[in-house]
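Asks: Provided below: query19.txt, containing compact mmCIF, C-alpha atoms and all ligand atoms.
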# COMPACT_ATOMS: atom_id res chain seq x y z
CA VAL A 1 17.12 -13.69 -13.78
CA THR A 2 16.56 -11.75 -10.55
CA GLY A 3 12.99 -12.82 -9.86
CA VAL A 4 11.17 -13.22 -6.59
CA PRO A 5 11.62 -16.16 -4.20
CA ALA A 6 10.03 -19.32 -5.67
CA GLU A 7 8.96 -20.02 -2.11
CA ARG A 8 6.08 -17.54 -2.55
CA ALA A 9 4.30 -19.87 -4.98
CA GLU A 10 4.82 -22.76 -2.55
CA ARG A 11 3.12 -20.74 0.19
CA VAL A 12 0.20 -20.05 -2.16
CA GLU A 13 -0.15 -23.73 -3.03
CA ALA A 14 0.00 -24.68 0.64
CA ALA A 15 -2.93 -22.35 1.31
CA LEU A 16 -5.17 -23.95 -1.34
CA ALA A 17 -6.20 -27.10 0.52
CA ASP A 18 -7.97 -24.96 3.14
CA ARG A 19 -9.95 -23.31 0.36
CA GLY A 20 -10.94 -26.62 -1.19
CA VAL A 21 -9.37 -25.99 -4.59
CA ASP A 22 -6.70 -27.78 -6.64
CA ALA A 23 -5.18 -24.67 -8.15
CA LEU A 24 -5.46 -20.89 -8.07
CA LEU A 25 -5.70 -18.67 -11.13
CA VAL A 26 -4.04 -15.38 -10.18
CA THR A 27 -5.18 -12.54 -12.43
CA ASP A 28 -4.75 -9.45 -10.26
CA LEU A 29 -1.58 -7.85 -11.63
CA VAL A 30 -0.26 -6.81 -8.22
CA ASN A 31 -0.60 -10.39 -7.03
CA VAL A 32 1.01 -11.64 -10.25
CA ARG A 33 3.92 -9.30 -9.61
CA TRP A 34 4.34 -10.43 -6.00
CA LEU A 35 4.22 -14.06 -7.10
CA THR A 36 6.37 -13.99 -10.25
CA GLY A 37 8.23 -10.67 -10.38
CA PHE A 38 6.53 -9.72 -13.67
CA THR A 39 5.75 -6.00 -13.96
CA GLY A 40 3.89 -5.80 -17.28
CA SER A 41 0.25 -4.91 -17.86
CA ASN A 42 -1.18 -8.25 -19.02
CA ALA A 43 -0.49 -11.58 -17.33
CA ALA A 44 -1.95 -14.43 -15.32
CA ALA A 45 -0.41 -17.16 -13.21
CA LEU A 46 -1.64 -20.60 -12.27
CA VAL A 47 -0.40 -22.21 -9.06
CA GLY A 48 -1.04 -25.93 -8.54
CA PRO A 49 -1.90 -28.67 -8.52
CA ARG A 50 1.15 -30.60 -7.24
CA GLY A 51 3.82 -28.07 -8.08
CA ALA A 52 2.40 -26.89 -11.43
CA ARG A 53 3.43 -23.29 -12.14
CA VAL A 54 2.18 -21.67 -15.33
CA PHE A 55 2.80 -18.04 -16.24
CA LEU A 56 0.95 -16.51 -19.18
CA THR A 57 1.38 -13.23 -20.98
CA ASP A 58 1.11 -11.91 -24.53
CA PHE A 59 3.66 -11.42 -27.29
CA ARG A 60 4.54 -7.84 -26.25
CA TYR A 61 6.12 -9.21 -23.08
CA LEU A 62 8.02 -12.13 -24.60
CA SER A 63 11.48 -10.89 -23.60
CA GLN A 64 10.47 -8.91 -20.50
CA SER A 65 8.84 -12.00 -19.02
CA ALA A 66 11.91 -14.10 -19.84
CA ASP A 67 14.00 -11.61 -17.86
CA GLN A 68 11.66 -11.23 -14.90
CA VAL A 69 9.94 -14.56 -14.36
CA GLY A 70 12.01 -17.32 -12.76
CA ASP A 71 12.65 -20.80 -14.15
CA ALA A 72 10.18 -22.35 -11.71
CA TRP A 73 7.45 -21.10 -14.06
CA GLU A 74 6.42 -22.58 -17.41
CA ARG A 75 5.98 -19.51 -19.58
CA ARG A 76 3.29 -19.40 -22.22
CA ILE A 77 2.74 -16.59 -24.70
CA ALA A 78 -0.67 -16.15 -26.30
CA PRO A 79 -3.14 -13.43 -27.28
CA ASP A 80 -5.89 -14.98 -25.12
CA LEU A 81 -4.43 -16.10 -21.79
CA ALA A 82 -7.43 -18.02 -20.45
CA LYS A 83 -7.96 -19.85 -23.74
CA ARG A 84 -4.31 -20.81 -23.87
CA LEU A 85 -4.45 -22.11 -20.32
CA ALA A 86 -7.62 -24.11 -21.00
CA GLU A 87 -6.03 -25.80 -24.04
CA ASP A 88 -3.38 -27.38 -21.93
CA LEU A 89 -4.42 -27.59 -18.28
CA PRO A 90 -2.21 -29.33 -15.73
CA GLY A 91 -3.52 -32.85 -15.00
CA GLY A 92 -5.73 -33.43 -12.01
CA LEU A 93 -7.26 -29.97 -12.05
CA ALA A 94 -10.97 -30.15 -11.27
CA ARG A 95 -11.61 -27.24 -8.89
CA LEU A 96 -9.98 -23.99 -9.97
CA GLY A 97 -9.94 -21.05 -7.56
CA PHE A 98 -10.18 -17.56 -9.04
CA GLU A 99 -9.69 -14.15 -7.44
CA ASP A 100 -13.32 -13.17 -7.14
CA GLN A 101 -12.51 -9.84 -5.48
CA HIS A 102 -10.81 -8.71 -8.71
CA VAL A 103 -12.72 -10.57 -11.47
CA SER A 104 -15.81 -8.92 -12.91
CA VAL A 105 -19.01 -10.89 -13.36
CA ARG A 106 -18.51 -10.67 -17.11
CA GLU A 107 -14.95 -12.04 -16.90
CA ARG A 108 -16.08 -14.83 -14.62
CA ASP A 109 -18.71 -15.87 -17.14
CA ARG A 110 -16.14 -15.81 -19.91
CA LEU A 111 -13.77 -17.99 -17.88
CA ALA A 112 -16.59 -20.46 -17.29
CA GLY A 113 -17.21 -20.61 -21.05
CA VAL A 114 -13.53 -21.09 -21.84
CA PHE A 115 -12.91 -23.85 -19.28
CA GLY A 116 -16.22 -25.63 -19.89
CA ASP A 117 -17.67 -28.33 -17.67
CA ALA A 118 -14.40 -30.09 -16.90
CA VAL A 119 -13.34 -27.41 -14.43
CA GLU A 120 -15.38 -25.93 -11.61
CA LEU A 121 -14.59 -22.27 -10.90
CA VAL A 122 -14.48 -21.56 -7.17
CA PRO A 123 -14.40 -18.02 -5.68
CA CYS A 124 -11.10 -17.85 -3.84
CA GLY A 125 -10.21 -14.22 -3.24
CA GLY A 126 -7.65 -13.03 -0.73
CA VAL A 127 -5.24 -15.99 -0.78
CA VAL A 128 -2.34 -13.98 -2.15
CA GLU A 129 -3.30 -10.81 -0.25
CA ASP A 130 -3.17 -12.74 3.04
CA LEU A 131 0.36 -13.89 2.26
CA ARG A 132 1.39 -10.39 1.21
CA LEU A 133 0.57 -9.09 4.71
CA ARG A 134 3.94 -10.26 6.03
CA LYS A 135 6.90 -8.88 4.16
CA ASP A 136 10.12 -10.78 3.49
CA PRO A 137 13.47 -9.06 4.13
CA ALA A 138 13.87 -7.88 0.54
CA GLU A 139 10.42 -6.30 0.65
CA LEU A 140 11.21 -4.57 3.94
CA ASP A 141 14.39 -3.19 2.41
CA ALA A 142 12.46 -1.86 -0.58
CA ILE A 143 9.89 -0.14 1.64
CA ARG A 144 12.65 1.31 3.84
CA ALA A 145 14.39 2.69 0.76
CA ALA A 146 11.15 4.21 -0.56
CA ALA A 147 10.55 5.89 2.81
CA ARG A 148 14.09 7.27 2.94
CA LEU A 149 13.82 8.65 -0.58
CA ALA A 150 10.50 10.33 0.22
CA ASP A 151 11.94 11.87 3.40
CA GLU A 152 14.86 13.33 1.43
CA ALA A 153 12.49 14.82 -1.12
CA PHE A 154 10.47 16.42 1.69
CA GLU A 155 13.60 18.00 3.19
CA GLU A 156 14.59 19.40 -0.17
CA VAL A 157 11.19 20.88 -1.02
CA VAL A 158 9.63 21.83 2.32
CA GLY A 159 12.95 22.70 3.94
CA ALA A 160 13.47 25.36 1.25
CA GLY A 161 10.28 27.16 2.33
CA ILE A 162 6.66 26.94 1.25
CA VAL A 163 5.07 30.26 2.33
CA GLY A 164 3.74 32.13 -0.71
CA ARG A 165 3.96 29.09 -2.98
CA THR A 166 0.75 27.39 -4.06
CA GLU A 167 -0.28 24.05 -2.60
CA ARG A 168 -0.26 22.62 -6.12
CA ASP A 169 3.25 23.84 -6.80
CA VAL A 170 4.62 22.32 -3.60
CA ALA A 171 2.84 19.03 -4.34
CA LEU A 172 4.26 18.97 -7.85
CA ASP A 173 7.76 19.73 -6.56
CA LEU A 174 7.55 16.84 -4.11
CA GLU A 175 6.63 14.54 -6.96
CA VAL A 176 9.48 15.80 -9.14
CA ALA A 177 11.99 15.57 -6.27
CA MET A 178 11.00 11.94 -5.67
CA ARG A 179 11.25 11.08 -9.36
CA ARG A 180 14.62 12.75 -9.62
CA ARG A 181 15.87 10.61 -6.76
CA GLY A 182 14.86 7.46 -8.60
CA ALA A 183 11.25 6.84 -7.61
CA GLU A 184 9.10 5.36 -10.40
CA ALA A 185 6.31 7.62 -9.28
CA ALA A 186 4.68 9.18 -6.29
CA SER A 187 2.84 6.34 -4.54
CA PHE A 188 -0.26 8.60 -4.68
CA PRO A 189 -0.81 12.26 -5.65
CA PRO A 190 0.72 14.24 -2.76
CA ILE A 191 -1.62 16.20 -0.50
CA VAL A 192 -0.63 19.74 0.50
CA ALA A 193 -3.39 21.50 2.41
CA ALA A 194 -3.05 24.73 4.40
CA GLY A 195 -5.28 26.06 7.18
CA ALA A 196 -8.94 25.07 7.06
CA HIS A 197 -8.32 23.15 3.83
CA GLY A 198 -6.31 20.70 5.95
CA ALA A 199 -9.56 19.73 7.66
CA LEU A 200 -10.38 17.67 4.55
CA PRO A 201 -8.52 14.36 5.05
CA HIS A 202 -8.18 13.86 1.27
CA ALA A 203 -7.74 17.51 0.32
CA GLU A 204 -6.73 18.23 -3.28
CA PRO A 205 -3.90 20.75 -3.57
CA ARG A 206 -5.25 24.14 -4.70
CA ASP A 207 -3.86 26.95 -6.80
CA VAL A 208 -3.77 29.22 -3.77
CA PRO A 209 -0.65 30.52 -2.00
CA ILE A 210 0.19 29.03 1.40
CA PRO A 211 -0.12 31.80 4.02
CA ALA A 212 2.15 32.46 6.98
CA GLY A 213 0.94 31.58 10.48
CA THR A 214 -0.99 28.42 9.70
CA LEU A 215 -0.69 24.65 9.76
CA VAL A 216 -0.08 22.78 6.51
CA VAL A 217 -0.81 19.06 6.14
CA ILE A 218 1.58 17.34 3.74
CA ASP A 219 0.94 13.67 2.90
CA TRP A 220 3.20 12.06 0.33
CA GLY A 221 5.02 8.87 -0.58
CA ALA A 222 7.32 7.31 -3.14
CA GLN A 223 7.10 4.18 -5.20
CA LEU A 224 10.48 2.49 -5.58
CA ASP A 225 11.07 -0.97 -7.09
CA GLY A 226 7.31 -1.42 -6.96
CA TYR A 227 7.04 -0.77 -3.22
CA ALA A 228 5.27 2.20 -1.70
CA SER A 229 5.95 4.53 1.18
CA ASP A 230 3.44 6.78 2.92
CA CYS A 231 4.07 9.59 5.41
CA THR A 232 2.37 12.74 6.65
CA ARG A 233 3.82 15.74 8.42
CA THR A 234 1.91 18.83 9.48
CA VAL A 235 4.16 21.90 9.63
CA ALA A 236 3.63 25.44 10.91
CA THR A 237 4.34 28.44 8.69
CA GLY A 238 5.21 30.75 11.58
CA ASP A 239 3.43 31.56 14.85
CA LEU A 240 0.13 29.79 15.37
CA ASP A 241 -3.20 30.39 16.98
CA PRO A 242 -3.02 28.60 20.40
CA ARG A 243 -6.00 26.48 19.29
CA ASP A 244 -3.92 25.07 16.43
CA GLU A 245 -0.98 24.37 18.76
CA ASP A 246 -3.34 22.46 21.06
CA VAL A 247 -4.72 20.36 18.22
CA TYR A 248 -1.20 19.53 17.10
CA ALA A 249 -0.22 18.45 20.60
CA VAL A 250 -3.27 16.16 20.87
CA VAL A 251 -2.54 14.44 17.55
CA LEU A 252 1.15 14.04 18.35
CA ARG A 253 0.37 12.47 21.73
CA ALA A 254 -2.10 10.06 20.13
CA GLN A 255 0.30 9.21 17.32
CA GLU A 256 3.22 8.46 19.63
CA ALA A 257 1.06 6.34 21.95
CA ALA A 258 -0.26 4.33 19.00
CA VAL A 259 3.24 3.75 17.57
CA ALA A 260 4.30 2.51 21.01
CA ALA A 261 1.38 0.05 20.95
CA VAL A 262 2.47 -1.55 17.66
CA ARG A 263 3.88 -5.04 18.21
CA PRO A 264 2.84 -8.63 17.42
CA GLY A 265 -0.41 -9.55 19.14
CA PRO A 266 -2.96 -6.75 19.25
CA THR A 267 -5.53 -6.42 16.48
CA GLY A 268 -5.68 -3.36 14.26
CA ARG A 269 -8.78 -2.32 16.19
CA GLU A 270 -6.92 -2.44 19.50
CA VAL A 271 -4.10 -0.23 18.24
CA ASP A 272 -6.61 2.15 16.67
CA ALA A 273 -8.37 2.40 20.04
CA VAL A 274 -5.20 3.72 21.72
CA ALA A 275 -5.12 6.82 19.52
CA ARG A 276 -8.89 7.15 19.33
CA GLY A 277 -9.21 7.14 23.12
CA LEU A 278 -6.66 9.93 23.59
CA ILE A 279 -8.26 12.05 20.89
CA ALA A 280 -11.70 11.51 22.43
CA ASP A 281 -10.37 12.43 25.89
CA ALA A 282 -9.22 15.75 24.41
CA GLY A 283 -12.75 16.45 23.19
CA HIS A 284 -12.14 15.67 19.51
CA ALA A 285 -13.89 12.29 19.15
CA GLU A 286 -16.04 13.51 16.26
CA HIS A 287 -13.02 15.09 14.53
CA PHE A 288 -11.20 11.80 13.88
CA GLY A 289 -13.42 10.11 11.33
CA HIS A 290 -11.01 7.74 9.57
CA GLY A 291 -9.06 4.66 10.60
CA LEU A 292 -5.70 4.89 12.33
CA GLY A 293 -3.79 3.29 9.50
CA HIS A 294 -3.39 0.64 6.79
CA GLY A 295 -0.88 -1.84 5.49
CA VAL A 296 1.65 -0.74 2.87
CA GLY A 297 3.57 -2.85 0.38
CA LEU A 298 3.26 -3.20 -3.38
CA GLN A 299 0.14 -1.09 -2.86
CA VAL A 300 0.00 2.04 -0.78
CA HIS A 301 -3.28 0.85 0.73
CA GLU A 302 -3.42 -2.83 1.56
CA GLY A 303 -4.01 -5.02 4.60
CA PRO A 304 -4.04 -5.10 7.52
CA ARG A 305 -6.39 -2.32 8.57
CA LEU A 306 -5.84 -0.39 11.76
CA SER A 307 -9.39 0.79 12.31
CA LEU A 308 -12.66 -0.02 14.05
CA GLN A 309 -12.95 -2.87 11.50
CA GLY A 310 -9.39 -4.14 12.00
CA GLU A 311 -9.83 -7.77 13.12
CA THR A 312 -6.40 -8.98 11.96
CA ALA A 313 -3.85 -9.37 14.75
CA LEU A 314 -0.54 -7.71 14.01
CA GLU A 315 2.35 -10.06 13.24
CA GLU A 316 6.06 -9.65 12.78
CA ALA A 317 7.03 -8.26 9.34
CA MET A 318 3.74 -6.52 8.67
CA VAL A 319 4.15 -2.89 7.58
CA VAL A 320 1.47 -0.40 8.59
CA THR A 321 0.90 3.33 8.83
CA VAL A 322 -0.01 5.05 12.09
CA GLU A 323 -1.82 8.25 11.12
CA PRO A 324 -4.30 9.76 13.51
CA GLY A 325 -5.76 13.15 12.64
CA VAL A 326 -8.00 15.82 14.04
CA TYR A 327 -10.11 17.72 11.53
CA VAL A 328 -12.10 20.68 12.79
CA PRO A 329 -14.37 21.71 9.89
CA GLY A 330 -13.76 25.22 8.66
CA ALA A 331 -10.91 25.73 11.10
CA VAL A 332 -7.90 23.41 11.09
CA GLY A 333 -6.62 19.94 10.28
CA VAL A 334 -3.65 18.02 11.66
CA ARG A 335 -2.46 14.56 10.67
CA ILE A 336 0.82 12.90 11.61
CA GLU A 337 1.70 9.63 9.86
CA ASP A 338 4.61 7.27 10.23
CA LEU A 339 5.35 4.09 8.33
CA VAL A 340 6.04 1.33 10.83
CA ALA A 341 7.29 -2.25 10.47
CA VAL A 342 6.19 -4.72 13.13
CA THR A 343 9.24 -6.46 14.62
CA ARG A 344 9.52 -9.55 16.84
CA ASP A 345 8.86 -7.59 20.01
CA GLY A 346 7.85 -4.10 18.93
CA ALA A 347 8.11 -1.82 15.95
CA GLU A 348 10.65 -0.17 13.69
CA VAL A 349 9.61 3.31 12.56
CA LEU A 350 10.65 3.65 8.92
CA SER A 351 9.87 7.35 8.67
CA SER A 352 12.88 9.38 9.76
CA LEU A 353 11.53 12.93 9.94
CA PRO A 354 11.07 14.49 13.41
CA LYS A 355 7.56 15.01 14.72
CA ALA A 356 7.94 17.92 17.11
CA LEU A 357 6.04 20.87 15.62
CA ARG A 358 8.28 22.28 12.95
CA ARG A 359 8.21 25.86 11.70
CA VAL A 360 9.07 26.44 8.06
CA GLY A 361 9.30 29.62 6.07
ZN ZN B 401 -0.47 9.18 3.84
ZN ZN B 402 -1.70 6.48 4.79
Could you write out this file's structure as structure tokens?
Ligand code: ZN
Ligand code: ZN
Replies:
Amino acid sequence: VTGVPAERAERVEAALADRGVDALLVTDLVNVRWLTGFTGSNAAALVGPRGARVFLTDFRYLSQSADQVGDAWERRIAPDLAKRLAEDLPGGLARLGFEDQHVSVRERDRLAGVFGDAVELVPCGGVVEDLRLRKDPAELDAIRAAARLADEAFEEVVGAGIVGRTERDVALDLEVAMRRRGAEAASFPPIVAAGAHGALPHAEPRDVPIPAGTLVVIDWGAQLDGYASDCTRTVATGDLDPRDEDVYAVVLRAQEAAVAAVRPGPTGREVDAVARGLIADAGHAEHFGHGLGHGVGLQVHEGPRLSLQGETALEEAMVVTVEPGVYVPGAVGVRIEDLVAVTRDGAEVLSSLPKALRRVG
């Protein structure tokens, strides 16, 4: 049994007193995976009270769950997980927290029917997500490996030349190159967007050839052992309009200043402000309409946020992206994104690719 550290469940249980519940029913599958190591598509986990650990899945996952879920958990196999749990609840369970940010109103009502009057259901979302903000060493290694794999795929595909190929074809090749290197999947559908199309932050790759003499935004990432990476480079396909060179220089300056500001202490909003201020000073305030970055882990978008809404202070072992952009509608888009781990006194940049403006054929 490889499993995840049993200590994770202890940290969840320790967080429950503050929420006024005896136990937490974890039903979000990403949280179940973080907590138990189980990667299947149907499961739930109960943490507490007093050391109780119940893992539930259905018959399809009988042997997979035996392999993945550690001995700290009592495993139960049943077609109806909630009903099975209700039949045999740990003693002393009166107030049961549930993940209200993931449970639909209909599911909540069903849970209430199954557990009856003996158990009070208490909205308790975010307990596991808060603990997932800080990565343990094995998680950091997994994210580092995903980033390295994605960087290698980029070198293979983009380094071989992209002019005359369609955006879609390059995006597909990136995905294949990551899979061939062992990624389970791309962590999201890669973005490849040339010229004015790059001014759409979430551009969909088109069936049009990439021209020479323009900027191309490429945003991609790998998923490896469940963990995501996320990176963006904007490359030049030959000589550029001076306007495009200027925009690139502004974004690069903002990106480097923001990376240098990453360390334990400042809130996501404060780090965001570093890049936002430099971009505004260059006259592009209205061309940077998204947040500076986001946490990355089992999900490619998770906490903490680096944005105007980012109230969480950065702490050691958080992993975030730093990805300012300037998007001039109808003209040009530039985004530069690194994946960054917060260290004890600064930051470790996990993306290895250079950021000076690169010309590719
Ligand atoms: Zn990205
Ligand atoms: Zn991102």
Asks: Which residues are near ligand ZN 401 (chain B) in this structure, taking near to mean any atom at most 7 Å from a ligand atom and counting only C-alpha atoms and all ligand atoms? Format them as a list in words.
Replies: Asp219, Trp220, Asp230, Cys231, Thr232 and Glu337 of chain A
Asks: How would you write, as an MDAnalysis selection string, the set of residues no farther than 12 Å from ligand ZN 402 (chain B) when counting only C-alpha atoms and all ligand atoms?
Replies: chainID A and resid 187:191 201:202 218:221 228:233 290:297 299:303 305:306 319:325 335:340
Asks: So that I can see what lies close to Arg179 of chain A, please list as a PyMOL selection string the residues with an atom at most 12 Å from it, counting all atoms listed in the file and leaving out residues fewer than 2 positions away in the same chain.
Replies: chain A and resi 146+149-150+152-153+172-177+181-187+221-224
Asks: Please determine, counting only C-alpha atoms, which residue among A:Pro49, A:Gly289, A:Gly265, A:Gly70 has the shortest atom-to-atom distance to Pro90 of chain A.
Replies: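 Looking only at the distances to Pro90 of chain A, the closest residue turns out to be A:Pro49.
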Asks: Tell me, in Å to one decimal, how far atom CA of Val54 of chain A is from atom CA of Ala15 of chain A.
Replies: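 Distance reported for this atom pair: 17.4 Å.
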Asks: Leaving out Leu93 of chain A and any residue of its chain fewer than 3 positions from it, which residues lie within 9 Å of it when counting only C-alpha atoms, given as a PyMOL selection string?
Replies: chain A and resi 21-23+48-49+89-90+96+118-119
Asks: List every protein, DNA or RNA residue that has at least one atom no more than 12 Å from (-13.5, -13.3, -14.4) in the file's coordinates, counting all atoms listed in the file, and write the result as a PyMOL selection string.
Replies: chain A and resi 25-28+44+82+97-115+121-125
Asks: As a ChimeraX atom specification, please: the residues near Gly37 of chain A (cut-off 9 Å, only C-alpha atoms, same-chain neighbours under 6 positions excluded).
Replies: /A:2-5,65,68-70
Asks: Just to confirm, what's the straight-line distance from atom CA of Thr237 of chain A to atom CA of Gly195 of chain A in Å (one decimal)?
Replies: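 So the answer is 10.0 Å.
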Asks: By how many Å are atom CA of His287 of chain A and atom CA of Val332 of chain A apart?
Replies: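 Between atom CA of His287 of chain A and atom CA of Val332 of chain A the gap works out to 10.4 Å.
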Asks: Would you please work out which residue, of A:Asp88, A:Glu204, A:Ala43, A:Ala6, is nearest to Asp71 of chain A when using all atoms listed in the file?
Replies: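 Of all the options, A:Ala6 lies closest to Asp71 of chain A.
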Asks: For Ala196 of chain A, list every protein, DNA or RNA residue within 12 Å, evaluated using all atoms listed in the file, and leave out those in the same chain fewer than 2 positions away; present the list as a ChimeraX atom specification.
Replies: /A:192-194,198-201,203,210-211,214-217,244,326-334
Asks: Pick out the closest residue to Phe288 of chain A from this set: A:Glu348, A:Asp272, A:Glu315, A:Glu256. Count only C-alpha atoms.
Replies: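 Nearest candidate to Phe288 of chain A out of A:Glu348, A:Asp272, A:Glu315, A:Glu256: A:Asp272.
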